[in-house]
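Colleague: Below is work_21.txt; it holds compact mmCIF, C-alpha atoms.
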# COMPACT_ATOMS: atom_id res chain seq x y z
CA MET A 1384 -45.85 67.55 55.60
CA LYS A 1385 -45.16 68.60 51.99
CA ILE A 1386 -41.83 67.99 50.29
CA LEU A 1387 -39.98 71.26 49.89
CA SER A 1388 -36.59 70.09 48.65
CA ILE A 1389 -34.44 67.04 48.02
CA HIS A 1390 -30.69 67.34 48.01
CA THR A 1391 -27.68 65.11 48.46
CA THR A 1392 -24.30 65.02 50.10
CA ILE A 1393 -21.51 62.46 50.07
CA PHE A 1394 -20.58 60.30 53.04
CA ARG A 1395 -17.00 59.08 52.89
CA SER A 1396 -15.20 56.78 55.29
CA PRO A 1397 -12.13 54.56 55.02
CA LEU A 1398 -12.61 50.85 55.70
CA LYS A 1399 -10.61 49.01 58.34
CA THR A 1400 -9.24 46.72 55.65
CA PRO A 1401 -9.90 46.47 51.88
CA PHE A 1402 -13.20 44.76 51.01
CA LYS A 1403 -12.43 42.15 48.35
CA THR A 1404 -14.78 39.95 46.35
CA ALA A 1405 -14.62 38.20 42.99
CA LEU A 1406 -16.16 41.35 41.48
CA ARG A 1407 -14.30 44.24 43.07
CA THR A 1408 -11.93 45.65 45.69
CA VAL A 1409 -12.99 48.67 47.77
CA GLU A 1410 -10.78 50.57 50.23
CA ASN A 1411 -13.03 53.52 51.05
CA LEU A 1412 -16.79 53.75 51.48
CA GLU A 1413 -18.30 56.51 49.34
CA ASP A 1414 -22.09 56.79 49.56
CA ILE A 1415 -24.78 59.29 48.70
CA ILE A 1416 -26.93 60.69 51.51
CA VAL A 1417 -30.39 61.91 50.50
CA ILE A 1418 -31.91 64.71 52.60
CA ILE A 1419 -35.60 65.53 52.13
CA GLU A 1420 -36.87 68.69 53.81
CA CYS A 1421 -40.58 69.30 54.42
CA ASP A 1422 -42.61 72.44 55.01
CA ASP A 1423 -43.22 71.57 58.67
CA GLY A 1424 -39.50 71.42 59.45
CA ASN A 1425 -39.21 67.63 59.40
CA ILE A 1426 -36.19 66.15 57.62
CA GLY A 1427 -35.86 62.63 56.26
CA PHE A 1428 -32.59 60.85 55.58
CA GLY A 1429 -31.73 58.12 53.08
CA GLU A 1430 -28.57 56.50 51.80
CA GLY A 1431 -27.34 54.51 48.84
CA ALA A 1432 -24.01 52.93 47.95
CA PRO A 1433 -23.04 53.04 44.26
CA THR A 1434 -22.13 49.53 43.13
CA ALA A 1435 -21.42 49.78 39.42
CA VAL A 1436 -20.65 46.08 38.91
CA ILE A 1437 -23.99 45.02 40.39
CA THR A 1438 -26.60 47.77 39.96
CA GLY A 1439 -24.81 49.73 37.23
CA GLU A 1440 -24.80 52.93 39.29
CA THR A 1441 -22.02 55.37 40.12
CA LEU A 1442 -22.00 58.47 42.31
CA GLY A 1443 -22.60 60.56 39.21
CA THR A 1444 -25.54 58.58 37.88
CA MET A 1445 -27.11 58.48 41.34
CA GLU A 1446 -26.83 62.23 41.82
CA ALA A 1447 -28.45 62.83 38.43
CA ALA A 1448 -31.24 60.30 39.06
CA ILE A 1449 -32.01 61.69 42.52
CA SER A 1450 -32.13 65.24 41.17
CA TYR A 1451 -34.56 64.22 38.43
CA LEU A 1452 -36.77 62.09 40.67
CA GLY A 1453 -36.81 64.81 43.29
CA SER A 1454 -38.26 67.23 40.75
CA ILE A 1455 -41.26 64.99 40.07
CA ILE A 1456 -42.22 64.38 43.70
CA ALA A 1457 -41.59 67.90 45.07
CA GLY A 1458 -44.68 69.53 46.51
CA LEU A 1459 -46.45 66.29 47.36
CA SER A 1460 -47.53 65.44 50.89
CA ILE A 1461 -45.89 62.63 52.83
CA ILE A 1462 -49.13 62.08 54.74
CA ASN A 1463 -51.73 62.44 51.97
CA ASP A 1464 -49.83 61.49 48.80
CA PHE A 1465 -47.46 58.73 49.91
CA GLU A 1466 -48.63 56.11 47.39
CA GLU A 1467 -48.59 58.70 44.60
CA ILE A 1468 -45.03 59.62 45.57
CA LEU A 1469 -43.95 55.99 45.35
CA TYR A 1470 -45.73 55.59 42.00
CA ARG A 1471 -43.97 58.60 40.53
CA LEU A 1472 -40.65 57.50 41.98
CA HIS A 1473 -40.76 54.06 40.37
CA SER A 1474 -42.56 54.88 37.12
CA GLY A 1475 -40.72 58.10 36.37
CA LEU A 1476 -37.35 56.49 35.67
CA LEU A 1477 -36.30 52.96 34.76
CA HIS A 1478 -33.63 51.06 36.71
CA ASN A 1479 -31.50 53.27 39.04
CA THR A 1480 -32.55 51.07 41.96
CA THR A 1481 -30.05 52.38 44.50
CA ALA A 1482 -30.99 56.00 43.82
CA LYS A 1483 -34.66 55.11 44.24
CA SER A 1484 -33.91 53.19 47.41
CA ALA A 1485 -32.04 56.13 48.93
CA ILE A 1486 -35.04 58.38 48.27
CA GLU A 1487 -37.50 55.77 49.57
CA ILE A 1488 -35.56 55.40 52.81
CA ALA A 1489 -35.86 59.14 53.43
CA LEU A 1490 -39.56 59.05 52.54
CA TYR A 1491 -40.27 56.24 54.97
CA ASP A 1492 -38.21 58.02 57.61
CA LEU A 1493 -40.53 61.01 57.21
CA LYS A 1494 -43.68 58.90 57.16
CA ALA A 1495 -42.75 57.22 60.44
CA LYS A 1496 -41.89 60.60 61.95
CA SER A 1497 -45.32 61.88 60.95
CA TYR A 1498 -46.83 59.09 63.07
CA LYS A 1499 -44.21 59.65 65.80
CA GLN A 1500 -43.23 55.98 65.61
CA PRO A 1501 -40.09 54.02 64.85
CA LEU A 1502 -40.27 52.82 61.26
CA TYR A 1503 -40.22 49.16 62.27
CA LYS A 1504 -43.38 49.67 64.34
CA LEU A 1505 -45.11 51.52 61.51
CA LEU A 1506 -44.30 48.55 59.26
CA GLY A 1507 -45.68 46.10 61.83
CA GLY A 1508 -42.41 44.86 63.30
CA THR A 1509 -41.41 44.21 66.89
CA GLN A 1510 -37.88 42.77 66.71
CA THR A 1511 -35.19 45.19 67.87
CA SER A 1512 -32.14 42.97 68.43
CA PHE A 1513 -30.22 41.43 65.55
CA GLU A 1514 -27.14 39.31 64.98
CA THR A 1515 -25.19 39.92 61.81
CA ASP A 1516 -22.45 37.92 60.16
CA ILE A 1517 -19.11 39.46 59.17
CA THR A 1518 -17.53 39.36 55.72
CA ILE A 1519 -14.20 37.60 55.29
CA SER A 1520 -12.75 39.19 52.16
CA LEU A 1521 -11.25 37.18 49.33
CA ASN A 1522 -7.51 36.90 49.99
CA ASP A 1523 -4.74 34.36 50.35
CA ILE A 1524 -5.61 31.49 52.67
CA ASP A 1525 -3.43 32.60 55.58
CA LYS A 1526 -4.97 36.08 55.53
CA MET A 1527 -8.51 34.69 55.39
CA ILE A 1528 -7.80 32.35 58.31
CA ALA A 1529 -6.35 35.22 60.34
CA ASP A 1530 -9.35 37.42 59.54
CA SER A 1531 -11.73 34.60 60.49
CA LEU A 1532 -10.06 34.02 63.85
CA LYS A 1533 -10.00 37.75 64.59
CA ALA A 1534 -13.73 37.98 63.82
CA ILE A 1535 -14.47 35.10 66.17
CA SER A 1536 -12.40 36.77 68.89
CA LEU A 1537 -14.66 39.82 68.49
CA GLY A 1538 -17.74 37.71 69.13
CA TYR A 1539 -18.90 36.82 65.63
CA ARG A 1540 -20.50 33.38 65.29
CA ILE A 1541 -21.31 33.67 61.58
CA LEU A 1542 -18.67 34.21 58.89
CA LYS A 1543 -19.47 35.13 55.30
CA ILE A 1544 -16.58 33.74 53.27
CA LYS A 1545 -15.91 35.47 49.95
CA LEU A 1546 -14.89 33.16 47.12
CA GLY A 1547 -15.15 32.98 43.37
CA ASN A 1548 -11.81 33.71 41.70
CA ASN A 1549 -10.54 30.12 41.39
CA PRO A 1550 -12.65 27.00 42.18
CA SER A 1551 -9.66 24.86 43.16
CA LYS A 1552 -8.23 27.51 45.46
CA ASP A 1553 -11.72 28.17 46.81
CA ILE A 1554 -11.96 24.54 47.94
CA ASP A 1555 -8.66 24.98 49.76
CA ARG A 1556 -9.88 28.23 51.32
CA ILE A 1557 -13.09 26.68 52.63
CA MET A 1558 -11.37 23.61 54.03
CA ALA A 1559 -8.60 25.61 55.68
CA ILE A 1560 -11.03 28.02 57.35
CA TYR A 1561 -13.29 25.16 58.44
CA ASP A 1562 -10.32 23.40 60.05
CA ALA A 1563 -9.14 26.60 61.76
CA VAL A 1564 -12.39 27.71 63.40
CA SER A 1565 -14.52 26.06 66.05
CA LYS A 1566 -17.16 23.67 64.74
CA ASP A 1567 -20.02 25.77 66.12
CA THR A 1568 -19.01 28.61 63.78
CA ILE A 1569 -21.58 29.09 61.02
CA LEU A 1570 -20.15 29.49 57.52
CA ARG A 1571 -21.92 31.31 54.72
CA LEU A 1572 -20.17 31.00 51.36
CA ASP A 1573 -20.43 33.68 48.66
CA ALA A 1574 -18.89 33.19 45.22
CA ASN A 1575 -20.24 36.50 43.84
CA GLN A 1576 -21.08 35.01 40.41
CA GLY A 1577 -17.53 33.73 40.04
CA TRP A 1578 -18.11 30.06 39.17
CA SER A 1579 -19.69 28.12 36.34
CA LYS A 1580 -22.56 25.82 37.21
CA GLU A 1581 -20.28 22.80 36.78
CA ASP A 1582 -17.56 24.29 38.99
CA SER A 1583 -20.19 25.21 41.57
CA VAL A 1584 -21.31 21.60 41.84
CA LEU A 1585 -17.71 20.37 41.94
CA VAL A 1586 -16.73 22.77 44.74
CA MET A 1587 -19.80 22.08 46.85
CA GLN A 1588 -19.80 18.31 46.40
CA THR A 1589 -16.09 18.23 47.27
CA ILE A 1590 -16.49 20.08 50.57
CA GLU A 1591 -19.71 18.23 51.40
CA ALA A 1592 -17.84 14.94 51.00
CA LYS A 1593 -15.44 16.23 53.67
CA GLY A 1594 -18.35 16.81 56.04
CA ILE A 1595 -18.51 20.58 55.52
CA LEU A 1596 -22.11 21.78 55.24
CA ALA A 1597 -22.30 25.56 55.10
CA GLN A 1598 -25.48 27.42 55.97
CA CYS A 1599 -25.69 28.50 52.33
CA ILE A 1600 -23.81 29.08 49.09
CA GLU A 1601 -24.69 32.48 47.65
CA GLN A 1602 -25.06 33.29 43.94
CA PRO A 1603 -22.25 31.15 42.53
CA VAL A 1604 -23.19 31.80 38.87
CA LYS A 1605 -24.00 34.88 36.80
CA ALA A 1606 -27.14 36.79 37.71
CA ASP A 1607 -29.04 35.80 34.57
CA GLU A 1608 -28.26 32.07 34.80
CA ILE A 1609 -31.49 31.00 36.48
CA ALA A 1610 -31.30 27.57 34.88
CA GLY A 1611 -27.78 27.34 36.28
CA LEU A 1612 -29.05 27.99 39.80
CA LYS A 1613 -31.61 25.21 39.46
CA TYR A 1614 -28.93 22.88 38.02
CA ILE A 1615 -26.77 23.50 41.10
CA LYS A 1616 -29.62 23.26 43.59
CA GLU A 1617 -30.58 19.81 42.31
CA ARG A 1618 -27.04 18.46 42.79
CA ILE A 1619 -25.83 19.75 46.16
CA GLN A 1620 -26.87 19.43 49.80
CA THR A 1621 -25.96 22.98 50.84
CA PRO A 1622 -28.87 25.44 50.60
CA LEU A 1623 -28.57 27.82 47.64
CA LEU A 1624 -29.10 31.56 48.15
CA ALA A 1625 -30.09 33.74 45.17
CA ASP A 1626 -28.70 37.28 45.35
CA GLU A 1627 -27.97 39.17 42.13
CA ALA A 1628 -30.57 37.01 40.37
CA VAL A 1629 -33.28 38.79 42.37
CA PHE A 1630 -33.65 42.54 41.93
CA ASN A 1631 -37.44 42.79 42.05
CA LEU A 1632 -40.68 40.99 42.84
CA ALA A 1633 -41.03 39.56 39.34
CA GLN A 1634 -37.59 37.94 39.50
CA ALA A 1635 -38.22 36.68 43.02
CA THR A 1636 -41.51 35.14 41.88
CA SER A 1637 -39.78 33.43 38.97
CA ILE A 1638 -37.11 31.97 41.26
CA LEU A 1639 -39.73 30.80 43.75
CA GLU A 1640 -42.10 29.30 41.18
CA SER A 1641 -39.29 27.43 39.42
CA ASN A 1642 -37.79 26.26 42.74
CA SER A 1643 -34.39 27.50 41.60
CA ALA A 1644 -33.05 28.52 45.02
CA ASP A 1645 -33.57 27.69 48.68
CA TYR A 1646 -33.25 31.26 49.96
CA ILE A 1647 -33.45 34.83 48.61
CA ASN A 1648 -31.17 37.71 49.53
CA ILE A 1649 -33.09 40.98 49.77
CA LYS A 1650 -31.13 44.21 49.43
CA LEU A 1651 -32.76 47.62 49.37
CA ALA A 1652 -30.26 48.88 46.80
CA LYS A 1653 -31.13 46.06 44.40
CA CYS A 1654 -34.90 46.19 44.62
CA GLY A 1655 -35.37 49.96 44.69
CA GLY A 1656 -36.26 50.39 48.33
CA ILE A 1657 -38.43 49.42 51.24
CA SER A 1658 -41.73 48.99 49.40
CA GLU A 1659 -40.41 46.37 46.97
CA ALA A 1660 -38.37 44.65 49.69
CA ILE A 1661 -41.54 44.05 51.69
CA LYS A 1662 -43.31 42.69 48.60
CA ILE A 1663 -40.46 40.24 47.98
CA ALA A 1664 -40.49 39.12 51.62
CA ASN A 1665 -44.25 38.59 51.49
CA LYS A 1666 -43.97 36.55 48.30
CA ALA A 1667 -41.20 34.40 49.79
CA SER A 1668 -43.39 33.83 52.83
CA GLU A 1669 -46.17 32.51 50.58
CA PHE A 1670 -43.74 29.85 49.33
CA GLY A 1671 -42.34 29.09 52.78
CA VAL A 1672 -38.91 30.34 51.71
CA SER A 1673 -36.64 32.17 54.15
CA CYS A 1674 -34.72 35.29 53.19
CA MET A 1675 -31.50 37.05 54.07
CA MET A 1676 -31.44 40.81 54.62
CA GLY A 1677 -28.27 41.92 52.91
CA CYS A 1678 -26.51 45.17 52.09
CA MET A 1679 -24.03 46.88 49.84
CA LEU A 1680 -21.16 48.88 51.37
CA GLU A 1681 -23.52 51.25 53.13
CA GLY A 1682 -23.10 53.52 56.11
CA PRO A 1683 -25.38 53.58 59.15
CA ILE A 1684 -28.44 55.10 57.46
CA GLY A 1685 -28.69 52.36 54.84
CA ILE A 1686 -28.02 49.61 57.35
CA ILE A 1687 -30.55 50.96 59.84
CA ALA A 1688 -33.22 51.13 57.13
CA ALA A 1689 -32.56 47.48 56.29
CA LEU A 1690 -32.90 46.56 59.97
CA HIS A 1691 -36.31 48.20 60.19
CA VAL A 1692 -37.43 46.12 57.19
CA ALA A 1693 -35.95 42.98 58.73
CA SER A 1694 -37.95 43.64 61.88
CA ALA A 1695 -41.15 44.09 59.89
CA ALA A 1696 -40.61 40.78 58.06
CA SER A 1697 -38.89 38.84 60.83
CA ASP A 1698 -41.02 35.76 60.17
CA VAL A 1699 -39.36 35.28 56.79
CA ILE A 1700 -36.09 37.26 57.08
CA THR A 1701 -34.17 34.80 59.22
CA MET A 1702 -30.59 35.69 58.20
CA ILE A 1703 -28.92 39.08 58.69
CA ASP A 1704 -25.93 40.17 56.60
CA LEU A 1705 -25.67 43.82 57.63
CA ASP A 1706 -22.03 44.16 58.59
CA ALA A 1707 -21.06 47.21 56.53
CA VAL A 1708 -20.91 49.57 59.53
CA ALA A 1709 -18.60 47.11 61.31
CA LEU A 1710 -16.20 47.43 58.36
CA LEU A 1711 -15.80 51.19 58.80
CA SER A 1712 -12.63 52.53 60.41
CA SER A 1713 -14.67 54.78 62.72
CA PRO A 1714 -17.94 53.90 64.46
CA PRO A 1715 -21.03 56.02 63.72
CA ASN A 1716 -22.09 58.68 66.22
CA ASN A 1717 -25.20 60.03 64.50
CA CYS A 1718 -27.87 57.47 65.31
CA SER A 1719 -29.80 56.01 68.22
CA VAL A 1720 -28.79 52.48 67.24
CA THR A 1721 -26.21 50.31 68.97
CA PHE A 1722 -23.62 48.79 66.65
CA ASP A 1723 -21.62 46.35 68.78
CA GLU A 1724 -19.82 44.14 66.26
CA SER A 1725 -22.20 41.23 65.59
CA HIS A 1726 -24.97 42.68 67.78
CA ILE A 1727 -27.15 45.55 66.52
CA MET A 1728 -29.99 47.08 68.54
CA LEU A 1729 -32.79 49.39 67.41
CA TYR A 1730 -34.42 51.78 69.87
CA ASN A 1731 -37.83 53.36 70.26
CA GLU A 1732 -37.17 56.61 68.40
CA SER A 1733 -39.39 57.95 65.63
CA GLY A 1734 -38.43 57.36 62.03
CA LEU A 1735 -35.14 55.64 61.39
CA GLY A 1736 -33.55 57.06 64.49
CA VAL A 1737 -30.73 58.85 62.66
CA LYS A 1738 -29.49 62.42 62.76
CA TYR A 1739 -27.09 62.98 59.92
CA LYS A 1740 -24.08 65.20 60.54
CA ASN A 1741 -22.20 66.18 57.39
Could you write out this structure as structure tokens?
Modeller:
Amino acid sequence: MKILSIHTTIFRSPLKTPFKTALRTVENLEDIIVIIECDDGNIGFGEGAPTAVITGETLGTMEAAISYLGSIIAGLSIINDFEEILYRLHSGLLHNTTAKSAIEIALYDLKAKSYKQPLYKLLGGTQTSFETDITISLNDIDKMIADSLKAISLGYRILKIKLGNNPSKDIDRIMAIYDAVSKDTILRLDANQGWSKEDSVLVMQTIEAKGILAQCIEQPVKADEIAGLKYIKERIQTPLLADEAVFNLAQATSILESNSADYINIKLAKCGGISEAIKIANKASEFGVSCMMGCMLEGPIGIIAALHVASAASDVITMIDLDAVALLSSPPNNCSVTFDESHIMLYNESGLGVKYKN
């Protein structure tokens, strides 16, 4: 199973409603699909979503990176040279984590196909059923309440509330949504680096005094403010989730050793793919720290890959934030995976279980 060619295509899809955070507004999903063809006829699929404000990548930079990286792994064998392929992939070009992740996903798809196993089984996983949250975009309070109630009517029990553009208004948003939904609804709060450490403590202590204890508050300060995370963690009751502060194993280890967060959000696009994601999950497990499996605005291929990893590390990945497919205006029809709003089910098909149709 030698690599013959690596090429890309673009997957575009409108979203049901604009996706709004403190960092960006997106109306249409626009991702890169990686297609790796081998000499035995097998084809592997990968996907990556350009997120310039987080990973620094655009469609253009990803296409260039994938073309270059493809040239240095072409001709190698998926079966015999897999570790060498990964070494070349990650040492041959700095950064470009989403491009690397998209290639890695396709490589692991092929590796699992070579063993005629679903990827999650090859990675040692058994879990096939998952419950995801749903993102409530950053909007005016009435819109966010309406979106929250609609999500609950569709069967979602876990809401990920986007915040971060104004601490005072964010307090009002949280309290209004909390009052509007049933008390068994789980709230995850995400400020997307939009607060200072002082504002983070003020917001969280204010809502905690009102009896509101969210499941977590995600990355309230800038990605490089590790001391700020620790400052917040020491002053609030709500568990703190590190997201943009953790791109790789070294950063995860630093967060864990300094006890600067309660949880870690693993995203394939941040860490460069499946191999590093598993390393981060294993390191978190050593410290007894649970993780979230998160995503960018990815289509079904990227989300399915993340699910296979979540299955393999289900002992430590206890929270699923893989709602991107649910945000698309049209459901996917190119995979053997059930996407039923909050419920996602993997099946016993080799590789990722996707068949891309351009």
Colleague: Rounded to one decimal place, report the CA of Arg1395 in chain A-CA of Ser1531 in chain A distance in Å.
Modeller: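 Between these atoms lies a distance of 26.2 Å.
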Colleague: Using all atoms listed in the file, can you list as a PDB file with C-alpha atoms, in the coordinates of the input the residues within 12 Å of (-38.2, 23.8, 38.2)?
Modeller:
ATOM      1  CA  ILE A1609     -31.490  31.000  36.480  1.00  0.00           C
ATOM      2  CA  ALA A1610     -31.300  27.570  34.880  1.00  0.00           C
ATOM      3  CA  GLY A1611     -27.780  27.340  36.280  1.00  0.00           C
ATOM      4  CA  LEU A1612     -29.050  27.990  39.800  1.00  0.00           C
ATOM      5  CA  LYS A1613     -31.610  25.210  39.460  1.00  0.00           C
ATOM      6  CA  TYR A1614     -28.930  22.880  38.020  1.00  0.00           C
ATOM      7  CA  ILE A1615     -26.770  23.500  41.100  1.00  0.00           C
ATOM      8  CA  LYS A1616     -29.620  23.260  43.590  1.00  0.00           C
ATOM      9  CA  GLU A1617     -30.580  19.810  42.310  1.00  0.00           C
ATOM     10  CA  SER A1637     -39.780  33.430  38.970  1.00  0.00           C
ATOM     11  CA  ILE A1638     -37.110  31.970  41.260  1.00  0.00           C
ATOM     12  CA  LEU A1639     -39.730  30.800  43.750  1.00  0.00           C
ATOM     13  CA  GLU A1640     -42.100  29.300  41.180  1.00  0.00           C
ATOM     14  CA  SER A1641     -39.290  27.430  39.420  1.00  0.00           C
ATOM     15  CA  ASN A1642     -37.790  26.260  42.740  1.00  0.00           C
ATOM     16  CA  SER A1643     -34.390  27.500  41.600  1.00  0.00           C
ATOM     17  CA  ALA A1644     -33.050  28.520  45.020  1.00  0.00           C
TER      18      ALA A1644
END
Colleague: Please tell me which residues are no farther than 8 Å from (-29.0, 21.3, 55.7) in the file, counting only C-alpha atoms, and write them as a list in words.
Modeller: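 Final list of nearby residues, as requested, is Leu1596, Ala1597, Gln1598, Gln1620, Thr1621 and Pro1622 of chain A.
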Colleague: In Å, rounded to a single decimal, give me how far CA of Lys1605 in chain A is from CA of Ser1579 in chain A.
Modeller: 8.0 Å
Colleague: At a cut-off of 8 Å, using all atoms listed in the file, what residues contact range 1429-1444 of chain A? Leave out same-chain residues fewer than 5 positions from it and give the result as a list in words.
Modeller: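 So the residues in contact are Leu1406, Arg1407, Glu1413, Asp1414, Ile1415, Ile1416, Val1417, Ile1418, Asn1479, Thr1480, Thr1481, Ala1482, Ser1484, Ala1485, Ile1486, Glu1487, Ile1488, Ala1489, Leu1490, Asp1492, Glu1627, Ala1652, Lys1653, Met1679, Leu1680, Glu1681, Gly1682, Ile1684 and Gly1685 of chain A.
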Colleague: Could those residues be written to a file, using C-alpha atoms, as a compact mmCIF listing (two decimals), in the frame of the given file?
Modeller:
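Below is the file again-v4.txt, written as the result:
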# COMPACT_ATOMS: atom_id res chain seq x y z
CA LEU A 1406 -16.16 41.35 41.48
CA ARG A 1407 -14.30 44.24 43.07
CA GLU A 1413 -18.30 56.51 49.34
CA ASP A 1414 -22.09 56.79 49.56
CA ILE A 1415 -24.78 59.29 48.70
CA ILE A 1416 -26.93 60.69 51.51
CA VAL A 1417 -30.39 61.91 50.50
CA ILE A 1418 -31.91 64.71 52.60
CA ASN A 1479 -31.50 53.27 39.04
CA THR A 1480 -32.55 51.07 41.96
CA THR A 1481 -30.05 52.38 44.50
CA ALA A 1482 -30.99 56.00 43.82
CA SER A 1484 -33.91 53.19 47.41
CA ALA A 1485 -32.04 56.13 48.93
CA ILE A 1486 -35.04 58.38 48.27
CA GLU A 1487 -37.50 55.77 49.57
CA ILE A 1488 -35.56 55.40 52.81
CA ALA A 1489 -35.86 59.14 53.43
CA LEU A 1490 -39.56 59.05 52.54
CA ASP A 1492 -38.21 58.02 57.61
CA GLU A 1627 -27.97 39.17 42.13
CA ALA A 1652 -30.26 48.88 46.80
CA LYS A 1653 -31.13 46.06 44.40
CA MET A 1679 -24.03 46.88 49.84
CA LEU A 1680 -21.16 48.88 51.37
CA GLU A 1681 -23.52 51.25 53.13
CA GLY A 1682 -23.10 53.52 56.11
CA ILE A 1684 -28.44 55.10 57.46
CA GLY A 1685 -28.69 52.36 54.84
Colleague: Which value, in Å to one decimal, gives the distance between CA of Glu1724 in chain A and CA of Gly1507 in chain A?
Modeller: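 It comes out at 26.3 Å.
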Colleague: Which neighbours of Ile1703 in chain A fall inside 10 Å, counting all atoms listed in the file, when residues of the same chain fewer than 3 positions from it are skipped, and could you give them as a ChimeraX atom specification?
Modeller: /A:1513-1517,1541,1648,1674-1678,1689-1690,1693,1700,1706,1725
Colleague: So that I can see what lies close to Phe1402 in chain A, please list as a ChimeraX atom specification the residues with an atom at most 12 Å from it, counting all atoms listed in the file and leaving out residues fewer than 6 positions away in the same chain.
Modeller: /A:1408-1412,1517-1522,1527,1530,1544-1545,1679-1680,1706-1707,1709-1711
Colleague: Can you tell me, as a PyMOL selection string, what residues are no more than 12 Å from Ser1454 in chain A when counting all atoms listed in the file, ignoring any on the same chain fewer than 6 positions away?
Modeller: chain A and resi 1386-1390+1419+1447-1448+1468+1471-1472+1475-1476
Colleague: Between A:Ile1557, A:Val1629, A:Met1587, A:Val1737, which one has atoms that come closest to Asp1523 in chain A, using all atoms listed in the file?
Modeller: A:Ile1557
Colleague: Leaving out Lys1552 in chain A and any residue of its chain fewer than 6 positions from it, which residues lie within 10 Å of it when counting all atoms listed in the file, given as JSON, numbers by chain?
Modeller: {"A": [1523, 1524, 1546, 1558, 1586]}
Colleague: Using all atoms listed in the file, can you tell me which of A:Ile1569, A:Ile1455, A:Leu1735, A:Val1692 comes closest to Lys1494 in chain A?
Modeller: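 Closest to Lys1494 in chain A of all the choices is A:Leu1735.
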Colleague: Can you work out which one of A:Met1384, A:Leu1729, A:Leu1469, A:Ala1559 has the shortest atom-to-atom distance to Gly1656 in chain A, counting all atoms listed in the file?
Modeller: A:Leu1469
Colleague: Pick out the closest residue to Ala1529 in chain A from this set: A:Lys1543, A:Ile1560, A:Asp1553, A:Lys1504. Count all atoms listed in the file.
Modeller: A:Ile1560
Colleague: Taking only C-alpha atoms into account, which of A:Asp1704, A:Ile1590, A:Ala1534, A:Tyr1539 comes nearest Arg1556 in chain A?
Modeller: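 Of the candidates, the smallest distance to Arg1556 in chain A is held by A:Ile1590.
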Colleague: From the options A:Gln1576, A:Ser1460, A:Leu1506, A:Ile1554, which residue's atoms come nearest to Ala1405 in chain A, counting all atoms listed in the file?
Modeller: A:Gln1576
